>>> print(open('model.cif').read())   # mmCIF, C-alpha atoms and all ligand atoms
data_entry
loop_
_atom_site.label_atom_id
_atom_site.label_comp_id
_atom_site.auth_asym_id
_atom_site.auth_seq_id
_atom_site.Cartn_x
_atom_site.Cartn_y
_atom_site.Cartn_z
CA MET A 1 -6.80 -109.79 121.63
CA SER A 2 -9.48 -112.31 122.63
CA GLU A 3 -8.34 -115.78 123.68
CA ASN A 4 -10.60 -117.26 121.00
CA LEU A 5 -8.78 -115.30 118.28
CA LEU A 6 -5.34 -116.35 119.48
CA THR A 7 -4.18 -119.48 117.71
CA LEU A 8 -1.63 -121.51 119.64
CA PRO A 9 1.26 -121.80 119.10
CA PHE A 10 1.79 -118.24 117.85
CA ASP A 11 4.73 -116.23 116.49
CA ALA A 12 6.53 -114.45 119.36
CA VAL A 13 7.92 -111.76 117.03
CA GLU A 14 4.48 -110.85 115.75
CA ARG A 15 3.00 -110.92 119.23
CA SER A 16 5.81 -108.69 120.59
CA LYS A 17 5.14 -106.14 117.85
CA GLU A 18 1.41 -106.27 118.42
CA ALA A 19 1.76 -105.96 122.21
CA GLU A 20 4.21 -103.06 121.88
CA SER A 21 1.85 -101.21 119.54
CA VAL A 22 -0.89 -101.50 122.19
CA VAL A 23 1.08 -100.74 125.36
CA MET A 24 3.35 -97.95 124.09
CA ARG A 25 2.19 -94.44 123.21
CA GLY A 26 5.25 -92.34 122.41
CA GLU A 27 7.56 -92.72 125.41
CA LYS A 28 4.65 -93.72 127.69
CA ARG A 29 3.74 -97.31 128.62
CA LEU A 30 0.62 -98.90 130.06
CA TYR A 31 0.80 -99.91 133.72
CA HIS A 32 -2.02 -101.05 135.92
CA ARG A 33 -0.59 -100.31 139.38
CA PHE A 34 2.42 -99.38 141.53
CA ARG A 35 2.93 -101.00 144.92
CA PRO A 36 5.35 -102.09 147.63
CA ALA A 37 5.82 -105.88 147.34
CA PRO A 38 7.27 -108.35 149.88
CA TYR A 39 9.47 -110.26 147.40
CA TYR A 40 13.30 -110.05 147.63
CA GLY A 41 12.83 -108.76 151.18
CA GLY A 42 10.84 -105.69 150.02
CA ILE A 43 10.80 -104.10 146.57
CA ALA A 44 9.15 -101.08 144.91
CA THR A 45 7.13 -102.62 142.10
CA ALA A 46 5.50 -101.36 138.92
CA ASP A 47 2.99 -103.77 137.35
CA ALA A 48 2.99 -103.37 133.58
CA VAL A 49 0.82 -105.10 130.98
CA GLY A 50 1.66 -106.64 127.60
CA CYS A 51 3.80 -109.67 126.82
CA SER A 52 5.33 -111.52 123.88
CA PHE A 53 4.29 -114.85 125.46
CA LEU A 54 1.06 -116.05 127.08
CA CYS A 55 2.26 -118.53 129.68
CA ALA A 56 -0.28 -121.00 131.00
CA TYR A 57 0.77 -120.19 134.58
CA CYS A 58 0.97 -116.39 134.20
CA TRP A 59 -0.57 -114.66 137.25
CA ASN A 60 -1.28 -111.71 134.92
CA TYR A 61 -2.81 -113.92 132.21
CA TYR A 62 -5.97 -111.96 131.42
CA ARG A 63 -4.26 -108.56 131.57
CA ASN A 64 -1.60 -109.78 129.13
CA LEU A 65 -4.18 -111.48 126.93
CA ASN A 66 -5.95 -108.20 126.44
CA PRO A 67 -3.84 -105.21 127.54
CA SER A 68 -5.90 -102.74 125.49
CA ARG A 69 -8.57 -102.61 128.20
CA PHE A 70 -6.13 -100.61 130.36
CA LYS A 71 -5.97 -96.89 129.76
CA ASN A 72 -3.27 -95.46 132.03
CA PHE A 73 -0.09 -94.64 130.13
CA TYR A 74 2.87 -93.42 132.21
CA SER A 75 6.03 -91.62 131.09
CA PRO A 76 9.40 -92.92 132.38
CA GLN A 77 9.51 -89.91 134.73
CA GLU A 78 6.07 -90.77 136.15
CA VAL A 79 7.00 -94.45 136.61
CA ALA A 80 10.31 -93.63 138.30
CA SER A 81 8.68 -91.00 140.57
CA ARG A 82 6.06 -93.47 141.77
CA LEU A 83 8.66 -96.14 142.41
CA LEU A 84 11.00 -93.73 144.20
CA ASN A 85 8.13 -92.54 146.43
CA ILE A 86 7.29 -96.11 147.40
CA ALA A 87 10.96 -96.86 148.10
CA GLN A 88 11.28 -93.76 150.25
CA LYS A 89 8.16 -94.51 152.29
CA LYS A 90 9.11 -98.18 152.83
CA SER A 91 12.90 -97.72 153.07
CA PHE A 92 13.38 -100.08 150.11
CA ASN A 93 16.53 -100.22 148.05
CA LEU A 94 15.18 -102.53 145.34
CA PHE A 95 13.06 -101.80 142.27
CA ARG A 96 11.39 -103.85 139.55
CA ILE A 97 8.84 -103.87 136.75
CA THR A 98 6.81 -107.06 136.70
CA GLY A 99 3.61 -108.73 135.50
CA ALA A 100 4.49 -108.26 131.84
CA GLU A 101 7.43 -108.32 129.46
CA PRO A 102 9.41 -105.08 129.91
CA ILE A 103 11.18 -105.48 126.53
CA LEU A 104 8.87 -105.94 123.55
CA GLY A 105 10.92 -103.93 121.05
CA GLU A 106 12.79 -100.66 120.60
CA LYS A 107 10.15 -98.36 122.11
CA SER A 108 9.65 -100.35 125.28
CA ILE A 109 13.38 -100.77 125.89
CA GLU A 110 13.88 -96.99 125.51
CA HIS A 111 11.11 -96.45 128.08
CA LEU A 112 12.78 -98.94 130.44
CA ILE A 113 16.20 -97.31 130.02
CA GLU A 114 14.79 -93.91 130.91
CA VAL A 115 13.20 -95.40 134.04
CA LEU A 116 16.57 -96.94 134.98
CA ASN A 117 18.43 -93.68 134.34
CA ILE A 118 16.09 -91.68 136.58
CA ILE A 119 16.11 -94.25 139.39
CA PHE A 120 19.90 -94.64 139.39
CA GLN A 121 20.39 -90.83 139.23
CA ASN A 122 18.18 -90.42 142.30
CA LYS A 123 19.28 -93.52 144.19
CA PRO A 124 22.71 -94.55 142.90
CA ARG A 125 23.11 -97.40 145.39
CA SER A 126 19.79 -99.02 144.65
CA VAL A 127 19.40 -102.23 142.66
CA PHE A 128 16.93 -102.78 139.82
CA ILE A 129 15.87 -106.37 139.15
CA LEU A 130 14.78 -106.76 135.54
CA GLU A 131 12.40 -109.72 135.28
CA THR A 132 12.16 -110.74 131.62
CA ASN A 133 11.35 -113.73 129.46
CA GLY A 134 14.56 -112.89 127.56
CA PHE A 135 12.98 -113.41 124.16
CA PHE A 136 13.58 -110.01 122.59
CA LEU A 137 17.05 -109.65 124.13
CA GLY A 138 18.03 -112.91 122.41
CA TYR A 139 16.23 -112.07 119.17
CA GLN A 140 17.88 -108.67 118.82
CA VAL A 141 21.17 -109.09 120.65
CA ASP A 142 22.48 -105.57 119.98
CA LEU A 143 19.93 -104.37 122.56
CA ASN A 144 21.92 -105.99 125.36
CA GLN A 145 24.55 -103.24 125.10
CA LYS A 146 21.96 -100.78 126.37
CA LEU A 147 21.71 -102.63 129.68
CA LYS A 148 25.21 -102.00 130.99
CA TYR A 149 24.35 -100.65 134.43
CA ARG A 150 26.40 -101.56 137.49
CA ASN A 151 23.31 -102.06 139.65
CA LEU A 152 21.08 -103.86 137.18
CA ARG A 153 20.38 -107.58 137.71
CA ILE A 154 18.56 -109.47 134.96
CA ARG A 155 16.50 -112.53 135.75
CA ILE A 156 15.51 -114.48 132.64
CA CYS A 157 12.72 -116.97 133.16
CA LEU A 158 13.26 -119.76 130.61
CA LYS A 159 9.68 -121.13 130.83
CA GLY A 160 10.54 -124.52 129.30
CA ALA A 161 13.21 -127.16 129.87
CA ASP A 162 13.21 -127.96 126.14
CA GLU A 163 11.47 -126.85 122.95
CA ARG A 164 8.40 -129.00 123.54
CA SER A 165 7.68 -127.80 127.09
CA PHE A 166 8.52 -124.21 126.09
CA GLU A 167 5.87 -124.28 123.34
CA LEU A 168 3.28 -125.89 125.61
CA ILE A 169 3.82 -123.42 128.47
CA THR A 170 4.40 -120.12 126.61
CA GLY A 171 1.94 -120.59 123.76
CA THR A 172 4.66 -119.48 121.31
CA ARG A 173 6.25 -121.73 118.70
CA ARG A 174 9.08 -124.00 119.86
CA GLU A 175 11.63 -122.40 117.51
CA PHE A 176 11.75 -119.39 119.90
CA PHE A 177 13.08 -121.48 122.81
CA LYS A 178 16.68 -120.68 121.89
CA TYR A 179 16.40 -116.90 122.18
CA PRO A 180 16.33 -116.54 126.00
CA LEU A 181 19.39 -118.83 126.08
CA LYS A 182 21.12 -116.62 123.50
CA ALA A 183 20.24 -113.58 125.61
CA LEU A 184 21.85 -115.12 128.70
CA LYS A 185 25.02 -116.00 126.80
CA GLU A 186 25.20 -112.55 125.28
CA LEU A 187 24.62 -110.75 128.58
CA GLU A 188 27.32 -112.81 130.29
CA GLY A 189 29.68 -111.99 127.43
CA GLU A 190 28.97 -108.29 127.98
CA GLY A 191 29.69 -108.63 131.71
CA ILE A 192 26.06 -107.86 132.60
CA ARG A 193 24.75 -109.76 135.63
CA ALA A 194 21.99 -112.13 134.54
CA TRP A 195 20.77 -115.55 135.56
CA PRO A 196 18.21 -118.14 134.37
CA ALA A 197 15.10 -119.18 136.29
CA LEU A 198 12.59 -122.00 135.81
CA MET A 199 9.23 -122.88 137.37
CA ARG A 200 10.24 -125.97 139.34
CA ASP A 201 6.72 -127.38 139.86
CA LEU A 202 6.25 -128.10 136.15
CA PHE A 203 9.32 -130.29 135.62
CA LEU A 204 10.73 -133.58 136.81
CA PRO A 205 14.24 -133.47 138.30
CA ASP A 206 15.54 -135.24 135.16
CA GLU A 207 14.13 -132.52 132.93
CA ILE A 208 15.73 -129.83 135.06
CA GLY A 209 19.01 -131.77 134.85
CA GLN A 210 18.71 -131.78 131.03
CA LEU A 211 18.20 -128.03 131.03
CA GLU A 212 21.26 -127.55 133.25
CA LYS A 213 23.26 -129.57 130.71
CA LEU A 214 21.97 -127.34 127.93
CA LEU A 215 22.99 -124.24 129.89
CA ASP A 216 26.48 -125.79 130.14
CA GLU A 217 26.53 -126.37 126.38
CA TYR A 218 25.69 -122.70 125.89
CA LYS A 219 28.56 -121.96 128.35
CA ILE A 220 26.19 -120.06 130.63
CA LYS A 221 27.84 -120.00 134.05
CA ALA A 222 25.08 -118.42 136.17
CA GLU A 223 23.19 -120.84 138.40
CA LEU A 224 19.62 -121.84 137.54
CA GLU A 225 17.08 -120.41 140.02
CA LEU A 226 14.06 -122.64 140.66
CA GLU A 227 10.91 -120.69 141.41
CA THR A 228 7.62 -121.96 142.80
CA LEU A 229 4.18 -121.75 141.27
CA GLU A 230 1.63 -119.17 142.43
CA ASP A 231 -1.27 -121.63 142.43
CA TYR A 232 -4.21 -119.25 142.22
CA PRO A 233 -7.43 -121.04 141.13
CA PHE A 234 -7.48 -119.28 137.73
CA VAL A 235 -3.84 -120.32 137.17
CA ILE A 236 -4.67 -123.96 137.86
CA GLU A 237 -7.69 -123.70 135.53
CA ASN A 238 -5.65 -122.10 132.71
CA MET A 239 -2.99 -124.79 133.10
CA ARG A 240 -5.66 -127.49 132.91
CA LYS A 241 -7.08 -125.95 129.71
CA ARG A 242 -3.59 -125.77 128.19
CA LYS A 243 -2.71 -129.32 129.36
CA VAL A 244 0.23 -128.12 131.47
CA GLN A 245 0.78 -130.47 134.41
CA ILE A 246 2.23 -129.94 137.85
CA LYS A 247 4.90 -132.64 138.05
CA PHE A 248 6.78 -131.69 141.19
CA PRO A 249 4.52 -129.70 143.55
CA SER A 250 6.12 -127.16 145.88
CA VAL A 251 4.92 -126.77 149.43
CA GLY A 252 2.67 -123.67 149.60
CA HIS A 253 3.25 -120.48 147.63
CA ASP A 254 4.06 -116.84 148.28
CA PRO A 255 1.10 -114.64 149.25
S1 LIG B 1 6.54 -114.26 130.14
FE1 LIG B 1 5.93 -113.70 132.23
S2 LIG B 1 4.53 -111.96 131.98
FE2 LIG B 1 4.73 -112.96 129.99
S3 LIG B 1 3.01 -114.36 129.89
FE3 LIG B 1 4.80 -115.49 130.65
S4 LIG B 1 4.63 -115.39 132.90
FE4 LIG B 1 3.28 -113.79 132.04
#
>>> encode(input="model.cif", output="structure tokens", more="lines below")
Ligand code: SF4
Amino acid sequence: MSENLLTLPFDAVERSKEAESVVMRGEKRLYHRFRPAPYYGGIATADAVGCSFLCAYCWNYYRNLNPSRFKNFYSPQEVASRLLNIAQKKSFNLFRITGAEPILGEKSIEHLIEVLNIIFQNKPRSVFILETNGFFLGYQVDLNQKLKYRNLRIRICLKGADERSFELITGTRREFFKYPLKALKELEGEGIRAWPALMRDLFLPDEIGQLEKLLDEYKIKAELELETLEDYPFVIENMRKRKVQIKFPSVGHDP
């Protein structure tokens, strides 16, 4: 989808469906690379494409804007094999899929579950960190049951501190703000380890305090992780175009 054809704010349900129809072909999903990454102390990483949001600060903005320009579909077995090879070579015990939304609907969650099954069968003591925007898990809460793995950790990036900032940053309508919160509550209720995250640079301490109060109201016990902005020039330019301000700059950013 071209940026010019995308009207903001858009419907996250429609965009999820559209993205899933582009990035899934049977059980295979589009990825653009596999790599060892330095985060979390060293993690085998698969970079996927396709998201239900289009965040102003996304470091994968143009790939997620138009995932159809990628052509390499991988089966769960192929994804897991590549990740396991990286982990073996680098002596990593951590795995993740990043750069996109892993859960866009039923097909993509089935793909993810197969990847998890193969990785945990081959490396039962490893940990998989699921980085998600939490939208679809909150929208279709019965899906959370599928994620009951002892060594799965789910990090839900909330994107906004309230409906207004959520809409501005994600490009989706503000009514969808509640779904990642619902996902967190649901996952905690199921005993699945999950926690919220927020991009600290874009919020004043008061706004973060308000979000922490909201998490309390939802009875979400997990602590809020504050992440720092990857301030690549194109990220700063996209944020400027979308009128998203840096309010509380971090010192430096990860390479
Ligand atoms: S949710 Fe994540 S992957 Fe999706 S657009 Fe936002 S930052 Fe990018």
>>> residues_near_ligand(input="model.cif", ligand="ligand LIG 1 (chain B)", cutoff="10 Å", atoms="all atoms listed in the file", output="MDAnalysis selection string")
chainID A and resid 47:65 98:102 131:135 156:159 169:171 199
>>> residues_around(input="model.cif", residues="A:Arg29", least_positions_apart="6", cutoff="9 Å", atoms="only C-alpha atoms", output="number ranges by chain")
A: 20, 22-23, 48-49, 72-76, 108, 111
>>> write_last_selection(input="model.cif", atoms="C-alpha atoms", output="tab-separated table (two decimals), keeping the file's coordinate frame")
chain	number	residue	atom	x	y	z
A	20	GLU	CA	4.21	-103.06	121.88
A	22	VAL	CA	-0.89	-101.50	122.19
A	23	VAL	CA	1.08	-100.74	125.36
A	48	ALA	CA	2.99	-103.37	133.58
A	49	VAL	CA	0.82	-105.10	130.98
A	72	ASN	CA	-3.27	-95.46	132.03
A	73	PHE	CA	-0.09	-94.64	130.13
A	74	TYR	CA	2.87	-93.42	132.21
A	75	SER	CA	6.03	-91.62	131.09
A	76	PRO	CA	9.40	-92.92	132.38
A	108	SER	CA	9.65	-100.35	125.28
A	111	HIS	CA	11.11	-96.45	128.08
>>> residues_around(input="model.cif", residues="stretch 220-237 of chain A", least_positions_apart="5", cutoff="8 Å", atoms="only C-alpha atoms", output="list in words")
Ala56, Tyr57, Cys58, Trp59, Leu184, Lys185, Glu188, Ala194, Trp195, Pro196, Ala197, Leu198, Met199, Arg200, Asp201, Glu212, Leu215, Ser250, His253 and Asp254 of chain A
>>> closest_residue(input="model.cif", among="A:Leu147, A:Ile118, A:Ile246, A:Ile43", to="A:Gln88", atoms="only C-alpha atoms")
A:Ile43
>>> closest_residue(input="model.cif", among="A:Pro124, A:Pro9, A:Pro205, A:Gly41", to="A:Leu84", atoms="only C-alpha atoms")
A:Pro124
>>> closest_residue(input="model.cif", among="A:Ile109, A:Leu187, A:Leu181, A:Leu83", to="A:Ala44", atoms="all atoms listed in the file")
A:Leu83
>>> residues_around(input="model.cif", residues="A:Leu211", least_positions_apart="5", cutoff="9 Å", atoms="only C-alpha atoms", output="PyMOL selection string")
chain A and resi 160-162+206+216
>>> closest_residue(input="model.cif", among="A:Ala80, A:Ile154, A:Ala87, A:Val244", to="A:Leu168", atoms="only C-alpha atoms")
A:Val244
